[in-house]
Every structure is written in C-alpha cells, then in structure tokens.
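A short write-up of the structure that comes next.
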Protein chains: 2
Amino acid sequence: MITEKARPEILSLIRQHYPQLAERKLQDEIANEGTIMHFKAGSLIMDFGAYVKIMPLIIKGSIKVSREDEEGNELFLYYLKPGETCSMSFTCCLMDKKSEIRTVAEEDTTLIGIPTRFMDEWMSRYLSWKNFVMTSYDNRMLELVRTIDSIAFKKMDERLMDYLEQKAEANDSRTLNATHQEIAYDLNASREAVSRLLKQLEKDGVVQLGRNRIELL
Amino acid sequence: MITEKARPEILSLIRQHYPQLAERKLQDEIANEGTIMHFKAGSLIMDFGAYVKIMPLIIKGSIKVSREDEEGNELFLYYLKPGETCSMSFTCCLMDKKSEIRTVAEEDTTLIGIPTRFMDEWMSRYLSWKNFVMTSYDNRMLELVRTIDSIAFKKMDERLMDYLEQKAEANDSRTLNATHQEIAYDLNASREAVSRLLKQLEKDGVVQLGRNRIELL
DNA sequence: GGTTTGCAGTGACGAATATCACAATAACTG
DNA sequence: CAGTTATTGTGATATTCGTCACTGCAAACC
C-alpha cells in the first residue's frame, strides 16, 4: 500500500468522481485532510475485527466486501466501485467499533482516505456531505437486502451467474480470472458444486471455461 | 389503526423511551409534528412497494420486518422494539422510493409517527437527532448482516432456534403462539421441515409443543 | 353431538448440495 | 523434458430439505 499527500490532485479527483460533493469549502477540507492510497489487486485493505481509522472514497478499481463466520466460512457481500464509499466504516468510526467485514482490493485500487474524526463534523457542516453519507448508507443497505434475496431465495446456479456478472462489472471485463475454489469460497459453496455448475453453464453456451479463466458470452 | 394528536403525552413518551433525544427544542418539535398511532397485533403497517410517509418511533409492542421475492416467498428479517426506528424509512422518505420491506405489528403496538419532511431538516439542526439516525442505520445494518450470517452459514435447526428466541424476546414471553406454517413462512422453509425440527427440539427437551403454542424451556 | 375445518405428524421419495476419493490435465520449475 | 503442483473433472455416497400424499386429532360450528 502506497500513500501520498497531494492537495491539488485530490481536488481534481474529487471533482471528477464525486461531483455531488460540490461545496468549495468541503472540497478544500477533503483535499487538506485526505490521503491518496493505492492498493495492489488482491491486497487486504481491512480485516474482520480491525479498528477502522479511515473512511475510503474510492477513485479507481474496486473493492470486494465479504463476511466471515466463526468457523472461517466466507461469504461475498458486494463490490464497491469508484464514486462509492463503505458505509460500514461510518459505523465503525463513529462508534469506535471493530469491523464486521473484510475488504480486499479486487483490482489495483486508488482511494482517498478521510480520517474518521472529520466525517462526523462534516455531516453537520456540509449539506452535500450529509446527503452523500445518507445515500451511501441507503445503497449499502439495499445491497445487503439483495444479498439476502440471493441466498434466501435463489439456487446455486442463479447465484453463480449473478456473482459472475457482478465480478465482471467490478473488473470491467467479461473475462474473469479466478479458480473454481475461489468462487466457491465467495459463495460459501463447495468447489465441486461450482465446477459442475460452471460446466453446465458452458454446455448452455453462457460461458467459456479455461484454466483460471471464465469468459462470459 | 387509531391515531391521536396529544402533545403532552408525546413529550413524556419521548423522554421515557428516547432519552438520547435530549434537546428541548427537538422534543418540542416531535411533540408538535408527531402523531401517536396504535396498531393491533397482526395488522399490516406498511407493505412492500408502498410509499413511506412517516418515520416510526416505536413506543410499545414490536414490529416484524420481512422481505418478499417476486414469487411471493417471504423471509423474516428482524424485529423492531421500543426505542428503535426503521432505518429503511429514511431511505424511502429521503429519496421518495418505494418500500423494500413489509412491516407487521407483532404485538399491539404504539408508535409516534414523524412526517417524513422533518427528518432531514432535523438532521442538520439537532445533533442528538443526527446521532440517533446514524445509530439506527448502524443497528439495522448489523441486523441485516446477522440475518445473512444466519441463512448463509447455519442449518435450519439453528435458524429455527434463533428465530424462536427472537420471537420470544419480541413478545416478552417464553410461550409463543404461532402455527408451524407461519414459522415456515418466516424462515422460507416447508411446514413439514419445521414440524420435524420442532419435534426434535421437543425430544431434546428445549421446547414444549402444543396446538398453536410453543413454550421455550 | 356430529361434522367440518385447520393444524400437526409421518412415511416415501426426489432434488440440491456437501463430502470424499481419486483421476486427468494444464502450468510451472528446475 | 521430467517432475511437481495447482486446477479441474467425475463418480459414489450422505445429508438436508422440499414435495406429495395421507392420517390423526383438536377446536370450532351447526
């Protein structure tokens, strides 16, 4: 992970990716207090149980958010994309609580990290910031409900297809690089089940498979 | 559903159940703008797809929140208890969106309804209101994540026990009145599966069963 | 009190996955 | 290129739960 302080660059990134944060003074504050951070694809950004110290404004790339139970079973929740932030962070920041989730860089990812102490302050001071925070909460909530729909109401083949589509979107590519085992972890399924379902999808002409590669047709 | 305007009563209810909303002027506003509403046990408060017009501050009783998919399959999400509010409401109110959930009175329930237009305004004006709203979002988010844990990682017997415990807490009673079919709907399971698992729990000495009655031991 | 209705119990069977055990193959490495 | 490792394929079997078909029983209603 590489970080940099770069006031003018942050200003331009914010204007580009967060146009709704239009207030000049707010943009100034973000530029003053924020730090540009780079994460390599695959690197762990924040682990389950860690204390959150920054709130991330995502600029480039994407972040995979997942949940784990006591026995180490994992479940993918959703991706964060540029223009989005992690609402779970608020919670953790404001209440000084441990993280309930794990975040990993899906691609090489750039974000602006805002130290937690400003988040709350800015809520009262900047209308656009307050709206942004509320909208983020709302979006994350909706994602969680969709995740619930998926695991509660759908069978594995449909969940798999949904997952592949989301992953394709997060990576901006219809060709995915992932092993069946990795997908199985994300879906909390068995590797064999994923293999068989993928095979079926290939027979159906929906995907084309290769070693470490899945192409959506 | 019965409603009443009752300024002094609202004041006292708020002070009693929402002590964190300590600002005098905020309490005044709530008393001025809020309406006391009563719902009979079992009555539908808000259906899936409806537009939300009020934000509920729950005073007495409890509310069951659930989700439904396109085919009409249902899934229980969580209960709201006195001192809590429905964060989904914010979302709907602020963005003028349709409800993603259904809420039904689990017991006879009393709440103070706040017309949506004030919620946003008060966020900027009253610190304690802002904190309340944020905390509510956080709590609901956590509930959703726990729901996900439950359906993703647990088997039906454990989900059933969790559900019974939650229901007991929501009803303030270790003796529950519910048919196996109703429970099956809430868990998105089959009636037969629920019957068999309950029977097993009875054998294990964890519950005692009767017609329309489940006693937690 | 006899009938109807709703709830619960039960067996048989099937579908969706998990689990286990290994075979086959592709990619990497010295 | 030979050997090793990672990945994928596949069959057999087990488990969890859903579905269907029916029975028994208790409560509610004439």
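In the structure tokens, the first chain shown is A, the next is B, and so on; residue numbers restart at 1 for each chain, and ligands run from 1 in the order shown.
In chain B, the set of residues within 10 Å of chain C (atoms considered: only C-alpha atoms (C1' of nucleotides)) is Thr179, His180, Gln181, Arg191, Glu192, Ser195, Arg196, Lys199, Gly210, Arg211 and Asn212 of chain B.
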Pull out every residue of chain D sitting within 9 Å of chain A, counting only C-alpha atoms (C1' of nucleotides), and send them as a ChimeraX atom specification.
/D:7-9
Neighbours of chain B in chain A at 8 Å, counting only C-alpha atoms, as number ranges by chain
A: 69, 73, 75, 88, 91, 123-124, 127, 134-135, 137-138, 141, 144-145, 147-149, 151-153, 188
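Coordinates place atom CA of Ile45 of chain A at a distance of 5.4 Å from atom CA of Thr103 of chain A.
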Using backbone DSSP assignments, extract all alpha helix (DSSP H) residues from segment 83-205 of chain A; output them as a PDB file with N, CA and C atoms, in the first residue's frame.
```pdb
ATOM      1  N   SER A  87     -20.095   2.224   3.889  1.00  0.00           N
ATOM      2  CA  SER A  87     -20.903   2.733   4.989  1.00  0.00           C
ATOM      3  C   SER A  87     -20.574   2.050   6.291  1.00  0.00           C
ATOM      4  N   MET A  88     -20.098   0.831   6.174  1.00  0.00           N
ATOM      5  CA  MET A  88     -19.727   0.121   7.387  1.00  0.00           C
ATOM      6  C   MET A  88     -18.661   0.934   8.143  1.00  0.00           C
ATOM      7  N   SER A  89     -17.877   1.677   7.385  1.00  0.00           N
ATOM      8  CA  SER A  89     -16.831   2.489   8.000  1.00  0.00           C
ATOM      9  C   SER A  89     -17.407   3.482   8.989  1.00  0.00           C
ATOM     10  N   PHE A  90     -18.463   4.158   8.580  1.00  0.00           N
ATOM     11  CA  PHE A  90     -19.090   5.141   9.454  1.00  0.00           C
ATOM     12  C   PHE A  90     -19.299   4.603  10.820  1.00  0.00           C
ATOM     13  N   THR A  91     -20.133   3.611  10.792  1.00  0.00           N
ATOM     14  CA  THR A  91     -20.456   2.870  11.958  1.00  0.00           C
ATOM     15  C   THR A  91     -19.253   2.668  12.834  1.00  0.00           C
ATOM     16  N   CYS A  92     -18.247   2.047  12.233  1.00  0.00           N
ATOM     17  CA  CYS A  92     -17.068   1.694  12.998  1.00  0.00           C
ATOM     18  C   CYS A  92     -16.402   2.953  13.518  1.00  0.00           C
ATOM     19  N   CYS A  93     -16.301   3.945  12.666  1.00  0.00           N
ATOM     20  CA  CYS A  93     -15.635   5.170  13.052  1.00  0.00           C
ATOM     21  C   CYS A  93     -16.385   5.852  14.173  1.00  0.00           C
ATOM     22  N   LEU A  94     -17.652   6.104  13.921  1.00  0.00           N
ATOM     23  CA  LEU A  94     -18.428   6.883  14.866  1.00  0.00           C
ATOM     24  C   LEU A  94     -18.507   6.210  16.227  1.00  0.00           C
ATOM     25  N   MET A  95     -18.612   4.905  16.215  1.00  0.00           N
ATOM     26  CA  MET A  95     -18.825   4.202  17.484  1.00  0.00           C
ATOM     27  C   MET A  95     -17.545   3.546  17.974  1.00  0.00           C
ATOM     28  N   THR A 116     -11.167   9.478  10.290  1.00  0.00           N
ATOM     29  CA  THR A 116     -12.522   9.323  10.800  1.00  0.00           C
ATOM     30  C   THR A 116     -13.051  10.560  11.512  1.00  0.00           C
ATOM     31  N   ARG A 117     -12.179  11.284  12.200  1.00  0.00           N
ATOM     32  CA  ARG A 117     -12.700  12.359  13.050  1.00  0.00           C
ATOM     33  C   ARG A 117     -13.411  13.451  12.254  1.00  0.00           C
ATOM     34  N   PHE A 118     -13.167  13.532  10.953  1.00  0.00           N
ATOM     35  CA  PHE A 118     -13.794  14.602  10.178  1.00  0.00           C
ATOM     36  C   PHE A 118     -15.202  14.242   9.696  1.00  0.00           C
ATOM     37  N   MET A 119     -15.411  12.973   9.544  1.00  0.00           N
ATOM     38  CA  MET A 119     -16.665  12.524   8.949  1.00  0.00           C
ATOM     39  C   MET A 119     -17.885  13.093   9.642  1.00  0.00           C
ATOM     40  N   ASP A 120     -17.841  12.985  10.962  1.00  0.00           N
ATOM     41  CA  ASP A 120     -18.988  13.385  11.753  1.00  0.00           C
ATOM     42  C   ASP A 120     -19.148  14.908  11.716  1.00  0.00           C
ATOM     43  N   GLU A 121     -18.038  15.575  11.891  1.00  0.00           N
ATOM     44  CA  GLU A 121     -18.021  17.034  11.882  1.00  0.00           C
ATOM     45  C   GLU A 121     -18.621  17.572  10.582  1.00  0.00           C
ATOM     46  N   TRP A 122     -18.169  17.020   9.476  1.00  0.00           N
ATOM     47  CA  TRP A 122     -18.612  17.498   8.165  1.00  0.00           C
ATOM     48  C   TRP A 122     -20.106  17.266   7.933  1.00  0.00           C
ATOM     49  N   MET A 123     -20.621  16.215   8.575  1.00  0.00           N
ATOM     50  CA  MET A 123     -22.056  15.937   8.443  1.00  0.00           C
ATOM     51  C   MET A 123     -22.877  17.160   8.832  1.00  0.00           C
ATOM     52  N   SER A 124     -22.507  17.795   9.920  1.00  0.00           N
ATOM     53  CA  SER A 124     -23.266  18.953  10.390  1.00  0.00           C
ATOM     54  C   SER A 124     -22.978  20.176   9.521  1.00  0.00           C
ATOM     55  N   ARG A 125     -21.772  20.228   8.990  1.00  0.00           N
ATOM     56  CA  ARG A 125     -21.348  21.461   8.344  1.00  0.00           C
ATOM     57  C   ARG A 125     -21.678  21.525   6.850  1.00  0.00           C
ATOM     58  N   LEU A 127     -23.943  20.230   3.735  1.00  0.00           N
ATOM     59  CA  LEU A 127     -25.170  19.567   3.314  1.00  0.00           C
ATOM     60  C   LEU A 127     -24.869  18.432   2.340  1.00  0.00           C
ATOM     61  N   SER A 128     -23.997  18.677   1.392  1.00  0.00           N
ATOM     62  CA  SER A 128     -23.743  17.661   0.368  1.00  0.00           C
ATOM     63  C   SER A 128     -23.059  16.443   0.976  1.00  0.00           C
ATOM     64  N   TRP A 129     -22.250  16.691   1.996  1.00  0.00           N
ATOM     65  CA  TRP A 129     -21.592  15.560   2.674  1.00  0.00           C
ATOM     66  C   TRP A 129     -22.631  14.717   3.406  1.00  0.00           C
ATOM     67  N   LYS A 130     -23.538  15.385   4.090  1.00  0.00           N
ATOM     68  CA  LYS A 130     -24.594  14.681   4.805  1.00  0.00           C
ATOM     69  C   LYS A 130     -25.407  13.833   3.819  1.00  0.00           C
ATOM     70  N   ASN A 131     -25.767  14.437   2.700  1.00  0.00           N
ATOM     71  CA  ASN A 131     -26.543  13.692   1.710  1.00  0.00           C
ATOM     72  C   ASN A 131     -25.763  12.509   1.165  1.00  0.00           C
ATOM     73  N   PHE A 132     -24.489  12.734   0.938  1.00  0.00           N
ATOM     74  CA  PHE A 132     -23.638  11.662   0.437  1.00  0.00           C
ATOM     75  C   PHE A 132     -23.606  10.493   1.416  1.00  0.00           C
ATOM     76  N   VAL A 133     -23.410  10.823   2.685  1.00  0.00           N
ATOM     77  CA  VAL A 133     -23.356   9.779   3.710  1.00  0.00           C
ATOM     78  C   VAL A 133     -24.673   9.019   3.786  1.00  0.00           C
ATOM     79  N   MET A 134     -25.773   9.738   3.770  1.00  0.00           N
ATOM     80  CA  MET A 134     -27.077   9.085   3.851  1.00  0.00           C
ATOM     81  C   MET A 134     -27.332   8.209   2.624  1.00  0.00           C
ATOM     82  N   THR A 135     -26.987   8.728   1.471  1.00  0.00           N
ATOM     83  CA  THR A 135     -27.184   7.953   0.246  1.00  0.00           C
ATOM     84  C   THR A 135     -26.333   6.685   0.271  1.00  0.00           C
ATOM     85  N   SER A 136     -25.135   6.802   0.791  1.00  0.00           N
ATOM     86  CA  SER A 136     -24.263   5.635   0.873  1.00  0.00           C
ATOM     87  C   SER A 136     -24.873   4.572   1.765  1.00  0.00           C
ATOM     88  N   TYR A 137     -25.333   5.010   2.921  1.00  0.00           N
ATOM     89  CA  TYR A 137     -25.977   4.065   3.830  1.00  0.00           C
ATOM     90  C   TYR A 137     -27.103   3.348   3.108  1.00  0.00           C
ATOM     91  N   ASP A 138     -27.897   4.130   2.431  1.00  0.00           N
ATOM     92  CA  ASP A 138     -29.037   3.574   1.730  1.00  0.00           C
ATOM     93  C   ASP A 138     -28.599   2.537   0.704  1.00  0.00           C
ATOM     94  N   ASN A 139     -27.606   2.892  -0.089  1.00  0.00           N
ATOM     95  CA  ASN A 139     -27.150   1.968  -1.128  1.00  0.00           C
ATOM     96  C   ASN A 139     -26.615   0.672  -0.529  1.00  0.00           C
ATOM     97  N   ARG A 140     -25.842   0.789   0.525  1.00  0.00           N
ATOM     98  CA  ARG A 140     -25.279  -0.419   1.145  1.00  0.00           C
ATOM     99  C   ARG A 140     -26.383  -1.287   1.709  1.00  0.00           C
ATOM    100  N   MET A 141     -27.350  -0.658   2.320  1.00  0.00           N
ATOM    101  CA  MET A 141     -28.491  -1.371   2.874  1.00  0.00           C
ATOM    102  C   MET A 141     -29.193  -2.166   1.770  1.00  0.00           C
ATOM    103  N   LEU A 142     -29.405  -1.504   0.652  1.00  0.00           N
ATOM    104  CA  LEU A 142     -30.048  -2.170  -0.477  1.00  0.00           C
ATOM    105  C   LEU A 142     -29.208  -3.347  -0.956  1.00  0.00           C
ATOM    106  N   GLU A 143     -27.916  -3.164  -1.030  1.00  0.00           N
ATOM    107  CA  GLU A 143     -27.035  -4.256  -1.448  1.00  0.00           C
ATOM    108  C   GLU A 143     -27.187  -5.436  -0.507  1.00  0.00           C
ATOM    109  N   LEU A 144     -27.222  -5.142   0.790  1.00  0.00           N
ATOM    110  CA  LEU A 144     -27.349  -6.222   1.766  1.00  0.00           C
ATOM    111  C   LEU A 144     -28.666  -6.966   1.572  1.00  0.00           C
ATOM    112  N   VAL A 145     -29.727  -6.212   1.328  1.00  0.00           N
ATOM    113  CA  VAL A 145     -31.024  -6.854   1.125  1.00  0.00           C
ATOM    114  C   VAL A 145     -30.989  -7.718  -0.140  1.00  0.00           C
ATOM    115  N   ARG A 146     -30.317  -7.243  -1.169  1.00  0.00           N
ATOM    116  CA  ARG A 146     -30.214  -8.038  -2.399  1.00  0.00           C
ATOM    117  C   ARG A 146     -29.406  -9.309  -2.143  1.00  0.00           C
ATOM    118  N   THR A 147     -28.372  -9.161  -1.323  1.00  0.00           N
ATOM    119  CA  THR A 147     -27.584 -10.339  -0.961  1.00  0.00           C
ATOM    120  C   THR A 147     -28.469 -11.353  -0.245  1.00  0.00           C
ATOM    121  N   ILE A 148     -29.292 -10.849   0.649  1.00  0.00           N
ATOM    122  CA  ILE A 148     -30.212 -11.727   1.375  1.00  0.00           C
ATOM    123  C   ILE A 148     -31.162 -12.416   0.400  1.00  0.00           C
ATOM    124  N   ASP A 149     -31.733 -11.657  -0.505  1.00  0.00           N
ATOM    125  CA  ASP A 149     -32.613 -12.242  -1.520  1.00  0.00           C
ATOM    126  C   ASP A 149     -31.908 -13.397  -2.205  1.00  0.00           C
ATOM    127  N   SER A 150     -30.682 -13.119  -2.570  1.00  0.00           N
ATOM    128  CA  SER A 150     -29.926 -14.083  -3.347  1.00  0.00           C
ATOM    129  C   SER A 150     -29.740 -15.403  -2.599  1.00  0.00           C
ATOM    130  N   ILE A 151     -29.257 -15.327  -1.359  1.00  0.00           N
ATOM    131  CA  ILE A 151     -29.006 -16.577  -0.644  1.00  0.00           C
ATOM    132  C   ILE A 151     -30.280 -17.209  -0.112  1.00  0.00           C
ATOM    133  N   ALA A 152     -31.300 -16.391   0.135  1.00  0.00           N
ATOM    134  CA  ALA A 152     -32.519 -16.963   0.711  1.00  0.00           C
ATOM    135  C   ALA A 152     -33.410 -17.580  -0.356  1.00  0.00           C
ATOM    136  N   PHE A 153     -33.462 -16.967  -1.522  1.00  0.00           N
ATOM    137  CA  PHE A 153     -34.486 -17.357  -2.488  1.00  0.00           C
ATOM    138  C   PHE A 153     -33.934 -18.038  -3.732  1.00  0.00           C
ATOM    139  N   MET A 156     -28.169 -22.314  -6.381  1.00  0.00           N
ATOM    140  CA  MET A 156     -26.756 -22.025  -6.591  1.00  0.00           C
ATOM    141  C   MET A 156     -26.446 -21.610  -8.021  1.00  0.00           C
ATOM    142  N   ASP A 157     -27.119 -22.197  -9.012  1.00  0.00           N
ATOM    143  CA  ASP A 157     -26.794 -21.842 -10.400  1.00  0.00           C
ATOM    144  C   ASP A 157     -27.065 -20.359 -10.671  1.00  0.00           C
ATOM    145  N   GLU A 158     -28.196 -19.885 -10.144  1.00  0.00           N
ATOM    146  CA  GLU A 158     -28.529 -18.477 -10.352  1.00  0.00           C
ATOM    147  C   GLU A 158     -27.594 -17.574  -9.556  1.00  0.00           C
ATOM    148  N   ARG A 159     -27.282 -17.985  -8.327  1.00  0.00           N
ATOM    149  CA  ARG A 159     -26.346 -17.205  -7.513  1.00  0.00           C
ATOM    150  C   ARG A 159     -25.009 -17.107  -8.215  1.00  0.00           C
ATOM    151  N   LEU A 160     -24.585 -18.220  -8.805  1.00  0.00           N
ATOM    152  CA  LEU A 160     -23.306 -18.235  -9.506  1.00  0.00           C
ATOM    153  C   LEU A 160     -23.306 -17.254 -10.668  1.00  0.00           C
ATOM    154  N   MET A 161     -24.349 -17.296 -11.469  1.00  0.00           N
ATOM    155  CA  MET A 161     -24.439 -16.366 -12.601  1.00  0.00           C
ATOM    156  C   MET A 161     -24.421 -14.912 -12.111  1.00  0.00           C
ATOM    157  N   ASP A 162     -25.226 -14.619 -11.089  1.00  0.00           N
ATOM    158  CA  ASP A 162     -25.243 -13.259 -10.536  1.00  0.00           C
ATOM    159  C   ASP A 162     -23.840 -12.846 -10.106  1.00  0.00           C
ATOM    160  N   TYR A 163     -23.174 -13.773  -9.432  1.00  0.00           N
ATOM    161  CA  TYR A 163     -21.831 -13.488  -8.934  1.00  0.00           C
ATOM    162  C   TYR A 163     -20.882 -13.178 -10.086  1.00  0.00           C
ATOM    163  N   LEU A 164     -20.934 -13.987 -11.110  1.00  0.00           N
ATOM    164  CA  LEU A 164     -20.042 -13.787 -12.257  1.00  0.00           C
ATOM    165  C   LEU A 164     -20.304 -12.423 -12.905  1.00  0.00           C
ATOM    166  N   GLU A 165     -21.566 -12.069 -13.021  1.00  0.00           N
ATOM    167  CA  GLU A 165     -21.911 -10.777 -13.612  1.00  0.00           C
ATOM    168  C   GLU A 165     -21.368  -9.623 -12.764  1.00  0.00           C
ATOM    169  N   GLN A 166     -21.545  -9.735 -11.458  1.00  0.00           N
ATOM    170  CA  GLN A 166     -21.042  -8.681 -10.575  1.00  0.00           C
ATOM    171  C   GLN A 166     -19.529  -8.579 -10.668  1.00  0.00           C
ATOM    172  N   LYS A 167     -18.896  -9.736 -10.711  1.00  0.00           N
ATOM    173  CA  LYS A 167     -17.435  -9.752 -10.769  1.00  0.00           C
ATOM    174  C   LYS A 167     -16.951  -9.147 -12.087  1.00  0.00           C
ATOM    175  N   ALA A 168     -17.660  -9.453 -13.151  1.00  0.00           N
ATOM    176  CA  ALA A 168     -17.305  -8.909 -14.459  1.00  0.00           C
ATOM    177  C   ALA A 168     -17.408  -7.385 -14.425  1.00  0.00           C
ATOM    178  N   GLU A 169     -18.471  -6.908 -13.792  1.00  0.00           N
ATOM    179  CA  GLU A 169     -18.653  -5.463 -13.719  1.00  0.00           C
ATOM    180  C   GLU A 169     -17.555  -4.822 -12.872  1.00  0.00           C
ATOM    181  N   ALA A 170     -17.240  -5.462 -11.748  1.00  0.00           N
ATOM    182  CA  ALA A 170     -16.220  -4.905 -10.855  1.00  0.00           C
ATOM    183  C   ALA A 170     -14.862  -4.855 -11.539  1.00  0.00           C
ATOM    184  N   ASN A 171     -14.612  -5.797 -12.447  1.00  0.00           N
ATOM    185  CA  ASN A 171     -13.315  -5.856 -13.120  1.00  0.00           C
ATOM    186  C   ASN A 171     -13.335  -5.219 -14.508  1.00  0.00           C
ATOM    187  N   HIS A 180     -12.066 -22.092  -9.517  1.00  0.00           N
ATOM    188  CA  HIS A 180     -13.362 -22.549  -9.020  1.00  0.00           C
ATOM    189  C   HIS A 180     -13.388 -22.495  -7.499  1.00  0.00           C
ATOM    190  N   GLN A 181     -12.237 -22.799  -6.905  1.00  0.00           N
ATOM    191  CA  GLN A 181     -12.148 -22.797  -5.441  1.00  0.00           C
ATOM    192  C   GLN A 181     -12.414 -21.403  -4.869  1.00  0.00           C
ATOM    193  N   GLU A 182     -11.840 -20.389  -5.504  1.00  0.00           N
ATOM    194  CA  GLU A 182     -12.052 -19.015  -5.030  1.00  0.00           C
ATOM    195  C   GLU A 182     -13.526 -18.624  -5.111  1.00  0.00           C
ATOM    196  N   ILE A 183     -14.146 -18.977  -6.220  1.00  0.00           N
ATOM    197  CA  ILE A 183     -15.565 -18.684  -6.383  1.00  0.00           C
ATOM    198  C   ILE A 183     -16.375 -19.407  -5.321  1.00  0.00           C
ATOM    199  N   ALA A 184     -16.003 -20.660  -5.078  1.00  0.00           N
ATOM    200  CA  ALA A 184     -16.702 -21.458  -4.075  1.00  0.00           C
ATOM    201  C   ALA A 184     -16.626 -20.782  -2.701  1.00  0.00           C
ATOM    202  N   TYR A 185     -15.456 -20.273  -2.339  1.00  0.00           N
ATOM    203  CA  TYR A 185     -15.329 -19.554  -1.072  1.00  0.00           C
ATOM    204  C   TYR A 185     -16.304 -18.384  -1.036  1.00  0.00           C
ATOM    205  N   ASP A 186     -16.319 -17.586  -2.086  1.00  0.00           N
ATOM    206  CA  ASP A 186     -17.162 -16.393  -2.094  1.00  0.00           C
ATOM    207  C   ASP A 186     -18.637 -16.736  -1.959  1.00  0.00           C
ATOM    208  N   LEU A 187     -19.037 -17.860  -2.538  1.00  0.00           N
ATOM    209  CA  LEU A 187     -20.451 -18.237  -2.497  1.00  0.00           C
ATOM    210  C   LEU A 187     -20.763 -19.134  -1.303  1.00  0.00           C
ATOM    211  N   ARG A 191     -16.317 -26.577  -3.882  1.00  0.00           N
ATOM    212  CA  ARG A 191     -15.613 -26.401  -5.144  1.00  0.00           C
ATOM    213  C   ARG A 191     -16.235 -27.284  -6.216  1.00  0.00           C
ATOM    214  N   GLU A 192     -16.570 -28.513  -5.868  1.00  0.00           N
ATOM    215  CA  GLU A 192     -17.146 -29.453  -6.834  1.00  0.00           C
ATOM    216  C   GLU A 192     -18.461 -28.931  -7.398  1.00  0.00           C
ATOM    217  N   ALA A 193     -19.286 -28.382  -6.515  1.00  0.00           N
ATOM    218  CA  ALA A 193     -20.575 -27.864  -6.967  1.00  0.00           C
ATOM    219  C   ALA A 193     -20.360 -26.747  -7.986  1.00  0.00           C
ATOM    220  N   VAL A 194     -19.433 -25.849  -7.672  1.00  0.00           N
ATOM    221  CA  VAL A 194     -19.145 -24.738  -8.581  1.00  0.00           C
ATOM    222  C   VAL A 194     -18.637 -25.269  -9.916  1.00  0.00           C
ATOM    223  N   SER A 195     -17.713 -26.232  -9.866  1.00  0.00           N
ATOM    224  CA  SER A 195     -17.182 -26.828 -11.095  1.00  0.00           C
ATOM    225  C   SER A 195     -18.306 -27.386 -11.957  1.00  0.00           C
ATOM    226  N   ARG A 196     -19.177 -28.159 -11.338  1.00  0.00           N
ATOM    227  CA  ARG A 196     -20.253 -28.807 -12.101  1.00  0.00           C
ATOM    228  C   ARG A 196     -21.209 -27.775 -12.688  1.00  0.00           C
ATOM    229  N   LEU A 197     -21.541 -26.770 -11.900  1.00  0.00           N
ATOM    230  CA  LEU A 197     -22.463 -25.741 -12.396  1.00  0.00           C
ATOM    231  C   LEU A 197     -21.827 -24.946 -13.531  1.00  0.00           C
ATOM    232  N   LEU A 198     -20.542 -24.653 -13.401  1.00  0.00           N
ATOM    233  CA  LEU A 198     -19.859 -23.923 -14.473  1.00  0.00           C
ATOM    234  C   LEU A 198     -19.872 -24.753 -15.755  1.00  0.00           C
ATOM    235  N   LYS A 199     -19.593 -26.043 -15.581  1.00  0.00           N
ATOM    236  CA  LYS A 199     -19.621 -26.954 -16.737  1.00  0.00           C
ATOM    237  C   LYS A 199     -20.980 -26.879 -17.421  1.00  0.00           C
ATOM    238  N   GLN A 200     -22.012 -26.893 -16.624  1.00  0.00           N
ATOM    239  CA  GLN A 200     -23.367 -26.829 -17.161  1.00  0.00           C
ATOM    240  C   GLN A 200     -23.581 -25.509 -17.901  1.00  0.00           C
ATOM    241  N   LEU A 201     -23.097 -24.418 -17.317  1.00  0.00           N
ATOM    242  CA  LEU A 201     -23.227 -23.108 -17.959  1.00  0.00           C
ATOM    243  C   LEU A 201     -22.490 -23.098 -19.296  1.00  0.00           C
ATOM    244  N   GLU A 202     -21.361 -23.809 -19.336  1.00  0.00           N
ATOM    245  CA  GLU A 202     -20.609 -23.876 -20.587  1.00  0.00           C
ATOM    246  C   GLU A 202     -21.409 -24.646 -21.642  1.00  0.00           C
ATOM    247  N   LYS A 203     -21.999 -25.771 -21.212  1.00  0.00           N
ATOM    248  CA  LYS A 203     -22.853 -26.551 -22.116  1.00  0.00           C
ATOM    249  C   LYS A 203     -23.997 -25.695 -22.641  1.00  0.00           C
TER     250      LYS A 203
END
```
Run DSSP on the backbone and grab whatever in chain B lands in strand (DSSP E or B); send it over as number ranges by chain.
B: 2-4, 35-39, 44-46, 51, 54-60, 63-68, 74-80, 85, 98, 102-105, 109-115, 175-176, 207-210, 213-216
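When only C-alpha atoms are used to measure the gap to Arg102 of chain A, the shortest distance among A:Met46, A:Leu80, A:Ile63, A:Ile54 belongs to A:Met46.
What separates atom CA of Tyr18 of chain B from atom CA of Gly83 of chain B is a distance of 5.9 Å.
Between atom CA of Ser66 of chain B and atom CA of Glu84 of chain A there is a distance of 27.1 Å.
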